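Asks: One structure follows; several queries about it will come next.
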Amino acid sequence: MQLYQNQELKIYNSLTGKKDIFNPINEGHIGMYVCGPTVYSNVHLGNVRTFMSFDMIFRYFKHLGYKVRYVRNITDAGHLENDADEGEDRIAKKARLEQIEPMEVVQMYTVDFHNTLNAFNFLPPSIEPTATGHIIEQIEIIKTILDKGFAYEINGSVYFDVLKYNETHNYGKLSGRNIEDLIHNTRALDGQSDKKNPQDFALWKKAEPQHIMRWPSPWSDGFPGWHLECTAMSTKYLGEQFDIHGGGMDLKFPHHECEIAQAEVSNGKSPVNVWMHANMLTLNGQKMAKSTGNYILPNDFFTGDSKHLSKPFSASVVRFFMLQAHYRSILDFSNDALLASEKGSNKLMEAINYLEKLPVGNTTDFDIEDWKNNCYNAMNDDFNTPILIAELFSAVKFINQVKDNKASVTKEDLEDLSATVHAFVFDVLGLQNIEPCNESPDKLSDTVEVLIKLRAEARANKDFALSDKIRDELLAVGIQLKDGKDGTSFSTN
Ligand SMILES: [Zn+2]
């Protein structure tokens with residue numbers, strides 16, 4: 001008997017606009033696809049929040065006993081500078097500016113992405129496929145869509161015919177847009193484009209002579225459109241119909257709308273049962289943007305090296321802070337809010353550390369069954385982590401009462417309480433209780449000093465790959481380097 005058999009889980013579905021009772025297509029199994037990053041720059045905090053939401057959801061499914069196949073792709077080709085199929089490929093542009101190979105760009109930022117997610121204690125997805133690894137599958141889908149008459153070829157490029165599709169399907173059903181408004185609000189084509197209508201989107205683009213990322217196809221040497229890769233990879237690994245498709249709110253239109261159109265034409269059925277979208281985040285009430293200086297990079301938390309932060313914060317505190325907001329709410333970062341989360345997180349971990357030392361008695365002054373139900377009800381109500389955390393603090397209050405001999409707990413109930421707290425805090429929320437280092441402080445600091453010296457030498461030799469690696473790997477084990485006027489110092493989190 002698995003836990004999920006006793007739980008009624010409701011998930012907000014962007015497609016229906018309400019919380020629906022979740023029933024997977026195959027009992028006990030869940031297929032979940034989440035749009036991954038385009039690896040042309042360091043991962044930004046908004047992405048971290050989106051992926052953290054789906055990490056928490058993945059963890060809860062696993063906790064309930066589901067077998068989950070979680071597919072999160074890496075976009076390493078086809079994502080142009082703007083969503084209107086214009087501009088350069090983001091990765092090719094970065095490669096040109098840096099005078100390196102596109103695959104070097106891909107490698108560098110894929111490694112950065114993984115390092116950052118590891119630091120925040122993410123579970124790896126079950127499959128992490130790349131767009132460039134699935135060119136053949138994408139070409140096959142284009143052939144099918146052409147055969148069915150929903151795409152047209154012009155000058156070596158192939159476009160999806162949105163108006164034709166909308167005659168028999170509903171383009172805009174996910175994002176709530178209707179085609180008349182889209183036509184009305186889209187600027188006219190500037191004569192540069194081959195598209196028949198501005199709403200149409202590229203399935204295949206012919207590469208310009210200077211475009212370095214190109215593959216042969218029946219239409220031209222070129223590259224696939226951005227929306228197509230997710231249809232190809234989700235169909236390949238999860239089937240023509242699967243349970244959950246997730247991503248950031250900004251992907252709802254046009255990206256996810258286009259995915260639905262492609263899949264409905266090529267597979268003849270609606271691809272996804274539940275569409276989930278995580279909300280954005282702000283900093284001090286304002287949109288984060290590099291251009292205005294109102295931004296924090298994920299690594300800035302660990303060094304404290306930002307005008308927006310008074311000190312470093314551990315990854316687990318940042319994680320706790322993010323999960324104190326519901327994934328569909330806008331989350332606002334501020335130094336004060338982080339300081340409050342740090343206090344809360346410390347209080348929670350202190351109580352957990354007391355659990356095994358608590359005295360046991362003959363009675364229990366806490367309704368553990370009722371409390372457990374409240375925890376599950378919170379998560380079953382569209383993954384309401386803020387309510388779950390509030391429930392965890394009811395347990396903290398009780399633990400502290402027992403510690404102060406103001407309440408009593410039996411041995412069995414304490415075991416039950418302890419197992420449930422551990423499951424929700426570590427398995428589901430993915431928080432970490434980082435113990436103080438057991439090594440003698442001198443030995444540790446001598447070792448770190450050696451690494452700091454090696455890093456300084458690497459930097460002097462302009463071997464920034466090595467110096468960054470030393471910094472990131474130390475960070476992954478909870479040691480933060482901080483560069484200052486008087487050299488490099490370190491702190492442990
Ligand atoms: Zn996608």
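Chain labels A, B, ... are given in the sequence in which chains occur in the structure tokens; within each chain residues are numbered consecutively from 1, and ligands are likewise numbered from 1 in the order shown.
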For segment 353-359 of chain A, please output as a ChimeraX atom specification all residues within 8 Å (counting only C-alpha atoms; exclusion window: fewer than 3 positions along the same chain).
Replies: /A:349-350,399,402-403,408-409,414,418
Asks: For those residues, write N, CA and C atoms to a file as a compact mmCIF listing (two decimals), in the first residue's frame.
Replies:
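The result, stored in out02.txt:
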# COMPACT_ATOMS: atom_id res chain seq x y z
N MET A 349 15.60 23.71 12.73
CA MET A 349 16.68 22.71 12.81
C MET A 349 17.06 22.41 14.26
N GLU A 350 17.01 23.44 15.14
CA GLU A 350 17.30 23.21 16.56
C GLU A 350 16.30 22.22 17.15
N ILE A 399 7.59 20.35 20.47
CA ILE A 399 8.92 19.79 20.81
C ILE A 399 9.58 20.63 21.92
N VAL A 402 7.97 19.96 25.27
CA VAL A 402 8.43 18.69 25.88
C VAL A 402 9.83 18.88 26.44
N LYS A 403 10.65 19.58 25.68
CA LYS A 403 12.03 19.85 26.13
C LYS A 403 12.04 20.58 27.47
N SER A 408 4.20 16.33 27.49
CA SER A 408 4.71 14.96 27.51
C SER A 408 4.43 14.26 26.17
N VAL A 409 5.26 13.27 25.84
CA VAL A 409 5.06 12.51 24.61
C VAL A 409 5.46 11.06 24.88
N LEU A 414 6.54 9.84 19.75
CA LEU A 414 7.74 10.61 19.42
C LEU A 414 8.38 10.06 18.14
N SER A 418 8.80 12.27 14.88
CA SER A 418 10.15 12.46 14.35
C SER A 418 10.23 12.02 12.88
Asks: Hey, which residues come within 7 Å of ligand 1 if we count only C-alpha atoms and all ligand atoms? Could you give them as a PyMOL selection string?
Replies: chain A and resi 34-36+227+230+255-256
Asks: Pick the closest to Asp413 of chain A from A:Thr364, A:Gln138, A:Asn373, A:Ser491: which is it, counting only C-alpha atoms?
Replies: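 Closest residue, counting only C-alpha atoms: A:Thr364.
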Asks: Got a sec: who's within 9 Å of segment 421-425 of chain A, counting only C-alpha atoms, leaving out chain neighbours fewer than 3 positions off, as an NGL selection string?
Replies: :A and (60 or 63 or 352 or 375 or 388-389 or 392 or 395 or 416-418 or 428-432)
Asks: Please provide as a ChimeraX atom specification all residues within 10 Å of Phe393 of chain A, with the sequence filter that same-chain residues fewer than 5 positions apart are discarded (counting only C-alpha atoms).
Replies: /A:344,347-348,351,387-388,398-399
Asks: Could you write out that same residue set with N, CA and C atoms as a compact mmCIF listing (two decimals), in the first residue's frame?
Replies:
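Wrote it out as out-v1.txt, contents follow:
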# COMPACT_ATOMS: atom_id res chain seq x y z
N GLY A 344 13.97 31.54 11.35
CA GLY A 344 12.97 30.47 11.33
C GLY A 344 13.61 29.12 11.05
N LYS A 347 15.53 27.83 14.00
CA LYS A 347 14.62 27.37 15.05
C LYS A 347 14.11 25.96 14.71
N LEU A 348 13.79 25.76 13.44
CA LEU A 348 13.29 24.46 12.98
C LEU A 348 14.37 23.39 13.15
N ALA A 351 15.03 22.43 16.81
CA ALA A 351 13.99 21.52 17.33
C ALA A 351 14.23 20.10 16.81
N ILE A 387 1.73 26.68 4.10
CA ILE A 387 0.88 26.09 5.16
C ILE A 387 1.61 24.90 5.80
N LEU A 388 2.28 24.10 4.98
CA LEU A 388 3.05 22.98 5.54
C LEU A 388 4.08 23.49 6.54
N PHE A 398 5.54 22.24 20.06
CA PHE A 398 5.33 21.09 20.95
C PHE A 398 6.67 20.49 21.40
N ILE A 399 7.59 20.35 20.47
CA ILE A 399 8.92 19.79 20.81
C ILE A 399 9.58 20.63 21.92
Asks: Ranking A:Pro312, A:Gly149, A:Gly78, A:Gly304 by minimum distance to Ala202 of chain A and counting only C-alpha atoms, which one comes first?
Replies: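 That would be A:Gly78, the residue with the smallest distance to Ala202 of chain A.
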Asks: Can you work out the spacing between atom CA of Glu473 of chain A and atom CA of Pro125 of chain A in Å, to one decimal?
Replies: 21.0 Å
Asks: For Ala340 of chain A, please output as a PyMOL selection string all residues within 12 Å (counting only C-alpha atoms; exclusion window: fewer than 6 positions along the same chain).
Replies: chain A and resi 313+317-318+320-321+324+333-334+346-347
